[in-house]
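**Q** First the structure, which I've put down as structure tokens, then a few questions once you've had a look.
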Amino acid sequence: MRFSFHIAVLAGLFSLLSPGAAQALSGRLEANGGEFRLYLDDGRVLAREALAGARVVIGSGAHDIQVLIDSVEQEPVSSGPPVVLYRLLITDPEGNGFQEACEPDAKGRRLGLPLVHETGIVFTCTSGAEGKCILMGYRPWDDRADAPMRDLHAACIHLVRADYGGDDHATTRDGTVIDVYDRYGIQNPETMDPMPFEAAWGIDGAICVAHSRVAENITLEALAQAYPRLRPFLGPSACTEEAMRDHPEALLYNRSAP
């Protein structure tokens, strides 16, 4: 499931109600490298654990939105530095206090992190595809010479959602086990009791599909009808891991039980 909460424009004006402050402080909230930073007008910069317990009041035209940064923690990942995760509580639309910004992820956590989109700062949760892909190591803000991280993140979102056509049409099912790996060694395939190869993925969706992940949601026949570009690349004989290893547009691969 994808869940995003649009915080505000990238560099707007904010008030900070700090736990230790007697009055509101003004500043601007920014996001960089998957982290919040609050630049106060008095010259201070608050980040990571220093933001825990802070209440940010965001002006949004007709009314203000209050966002409570309830807690901050760091998640170790297999490749690169830890990812900073936040538990956010946002103003209830009906004025009944605060509500969680995120649905629980597979570990029961209600956490997320900020990403910069065209519309400003978007808070994406670890229960959604964007957040899951970041925790796999596909951080779109990383600038690496050996791997196209932004493209890998985009391809991973399609993969996690089983969005074969790349048109934001998810066909997966919550709780479905998949094995994700790539051509750059950020994620490696499981070697014990491997599942059958499902598909190869690029920035526009699937490159080929050996079998659909959840046949009740979409079949190979339905994929062929909906996405003519995939017709020659459907089925286990037309879509093999060996062939896709050399495909220039294939960035990610996955296995799943059909």
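Convention: chains lettered A, B, ... in structure tokens order; per-chain residue numbering from 1; ligands numbered from 1 as shown.
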Neighbours of region 128-132 of chain A within 10 Å (only C-alpha atoms; same-chain residues fewer than 6 positions away dropped), as number ranges by chain?
**A** A: 1-4, 85, 102-106, 111-115, 138-140, 153-154, 156-161
**Q** Could you jot down the CA of Ala147 (chain A) to CA of Ala47 (chain A) separation for me, Å, one decimal place?
**A** 28.0 Å
**Q** Considering only C-alpha atoms, state which residue in the set A:Ala170, A:Ala226, A:Ile69, A:Ala210 is at the smallest distance from Pro196 (chain A).
**A**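 Comparing A:Ala170, A:Ala226, A:Ile69, A:Ala210 against Pro196 (chain A), the winner is A:Ala210.
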**Q** Point out the residue among A:Asp146, A:Tyr164, A:Ile218, A:Ala52 with the least atom-to-atom distance to Gly185 (chain A), counting only C-alpha atoms.
**A**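 Of A:Asp146, A:Tyr164, A:Ile218, A:Ala52, the one nearest Gly185 (chain A) is A:Asp146, counting only C-alpha atoms.
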**Q** Could you give me, as a PyMOL selection string, each residue of region 36-220 of chain A that DSSP assigns to helix (DSSP H, G or I) when run on this structure's backbone?
**A** chain A and resi 48-51+129-135+149-161+220
**Q** In Å, rounded to a single decimal, give me how far CA of Glu118 (chain A) is from CA of Arg87 (chain A).
**A**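 Separating CA of Arg87 (chain A) from CA of Glu118 (chain A) is a distance of 23.3 Å.
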**Q** If you run DSSP on this backbone, which residues of region 34-229 of chain A come out as strand (DSSP E), and could you give them as a ChimeraX atom specification?
**A** /A:35-40,45-47,55-59,64-75,83-91,98-100,112-117,120-125,178-182,197-202,205-209
**Q** Using only C-alpha atoms, find the one residue out of A:Ser256, A:Ile207, A:Ala50, A:Asp182 that sits nearest to Pro232 (chain A).
**A**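 Closest residue, counting only C-alpha atoms: A:Ile207.
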